[in-house]
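Colleague: One file is attached below, start-v7.cif, containing mmCIF, C-alpha atoms.
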data_entry
#
loop_
_atom_site.label_atom_id
_atom_site.label_comp_id
_atom_site.auth_asym_id
_atom_site.auth_seq_id
_atom_site.Cartn_x
_atom_site.Cartn_y
_atom_site.Cartn_z
CA MET A 20 0.62 16.46 11.96
CA GLU A 21 -2.77 18.13 12.30
CA HIS A 22 -2.40 19.76 8.87
CA PHE A 23 -1.50 16.42 7.31
CA ALA A 24 -4.64 14.77 8.72
CA SER A 25 -6.85 17.57 7.40
CA PHE A 26 -5.11 17.36 4.00
CA ILE A 27 -5.81 13.62 3.84
CA LYS A 28 -9.48 14.22 4.70
CA VAL A 29 -9.86 16.87 1.99
CA LEU A 30 -8.06 14.65 -0.52
CA PHE A 31 -10.36 11.74 0.33
CA VAL A 32 -13.46 13.89 -0.18
CA LEU A 33 -12.20 15.23 -3.52
CA VAL A 34 -11.34 11.76 -4.83
CA SER A 35 -14.70 10.40 -3.64
CA VAL A 36 -16.61 13.20 -5.38
CA SER A 37 -14.64 12.76 -8.60
CA LEU A 38 -15.38 9.02 -8.60
CA LEU A 39 -19.09 9.54 -7.91
CA LEU A 40 -19.53 12.11 -10.69
CA PRO A 41 -17.72 10.68 -13.74
CA ARG A 42 -17.78 12.24 -17.20
CA PRO A 43 -18.26 10.21 -20.39
CA ALA A 44 -14.84 9.30 -21.78
CA HIS A 45 -15.55 8.35 -25.41
CA ALA A 46 -12.46 6.15 -25.26
CA TYR A 47 -11.47 2.97 -27.06
CA LEU A 48 -9.95 -0.01 -25.30
CA ASP A 49 -8.17 -2.32 -27.71
CA PRO A 50 -7.97 -6.08 -27.13
CA GLY A 51 -4.45 -5.86 -25.66
CA THR A 52 -5.60 -3.72 -22.72
CA GLY A 53 -6.81 -6.71 -20.70
CA SER A 54 -3.50 -8.54 -20.99
CA TYR A 55 -1.61 -5.36 -20.09
CA ILE A 56 -3.69 -4.93 -16.93
CA LEU A 57 -3.10 -8.60 -16.07
CA GLN A 58 0.66 -8.10 -16.53
CA LEU A 59 0.56 -5.08 -14.23
CA LEU A 60 -1.28 -7.03 -11.52
CA ILE A 61 1.16 -9.94 -11.75
CA ALA A 62 4.13 -7.56 -11.60
CA ILE A 63 2.67 -5.85 -8.51
CA LEU A 64 2.16 -9.21 -6.80
CA PHE A 65 5.72 -10.32 -7.56
CA GLY A 66 7.09 -6.95 -6.45
CA VAL A 67 5.25 -7.09 -3.13
CA GLY A 68 6.38 -10.70 -2.66
CA PHE A 69 10.00 -9.74 -3.33
CA ALA A 70 9.81 -6.80 -0.92
CA ILE A 71 8.40 -9.06 1.79
CA LYS A 72 11.14 -11.61 1.15
CA LEU A 73 13.80 -8.92 1.23
CA PHE A 74 12.62 -7.39 4.51
CA TRP A 75 11.22 -10.53 6.19
CA LYS A 76 13.54 -10.38 9.24
CA GLU A 77 12.64 -6.75 9.89
CA ILE A 78 8.92 -7.41 9.47
CA LYS A 79 9.05 -10.44 11.77
CA GLY A 80 11.07 -8.50 14.36
CA PHE A 81 8.64 -5.59 14.24
CA PHE A 82 5.62 -7.78 14.95
CA ARG A 83 7.50 -9.82 17.54
CA ASN A 84 8.42 -6.64 19.44
CA ARG A 85 4.98 -5.15 18.94
CA PHE A 86 2.99 -8.07 20.28
CA SER A 87 5.36 -9.54 22.86
CA GLY A 88 4.28 -8.88 26.43
CA LYS A 89 7.68 -8.32 28.00
CA GLY A 90 11.28 -7.74 27.05
CA GLY A 91 10.75 -7.30 23.34
CA HIS A 92 12.39 -3.89 23.15
CA GLU A 93 15.61 -4.95 24.89
CA LYS A 94 16.16 -7.79 22.41
CA ALA A 95 15.74 -5.50 19.41
CA GLN A 96 18.47 -3.12 20.62
CA ASP A 97 21.22 -5.78 20.83
#
When written as structure tokens, how does the structure in this file appear?
Modeller:
Amino acid sequence: MEHFASFIKVLFVLVSVSLLLPRPAHAYLDPGTGSYILQLLIAILFGVGFAIKLFWKEIKGFFRNRFSGKGGHEKAQD
């Protein structure tokens, strides 16, 4: 677990440095790029919504057990 935490820290530093020191791209974005990005964002929102709908009972049970003061763990095992 300690190695994983150090790996995440190093990865964060490398990504941060690469974002702070960009190179010129000399790229062309055609007019359809904006609609494609919009489609991706809508698809991500619908996918997350479907996943929440699919696992709603498990999510609700997790938070109920996590934040209940007493007896939450016994109910989850039945």
Colleague: How many Å separate atom CA of His22 of chain A from atom CA of Leu38 of chain A?
Modeller: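 Atom CA of Leu38 of chain A lies 24.3 Å from atom CA of His22 of chain A.
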Colleague: Any chance you could work out the axis-aligned box around segment 62-77 of chain A, listed atoms only, 3 Å on each side, giving centre and edge lengths in Å to one decimal, as AutoDock Vina command-line options?
Modeller:
--center_x 8.0 --center_y -8.7 --center_z -0.9 --size_x 17.6 --size_y 11.8 --size_z 27.5
Colleague: Calculate how many Å separate atom CA of Pro41 of chain A from atom CA of Val29 of chain A, rounding to one decimal.
Modeller: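 Straight-line distance from atom CA of Pro41 of chain A to atom CA of Val29 of chain A works out to 18.6 Å.
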Colleague: So how far away is atom CA of Phe86 of chain A from atom CA of Phe74 of chain A, in Å?
Modeller: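 Here the two named atoms are 18.5 Å from each other.
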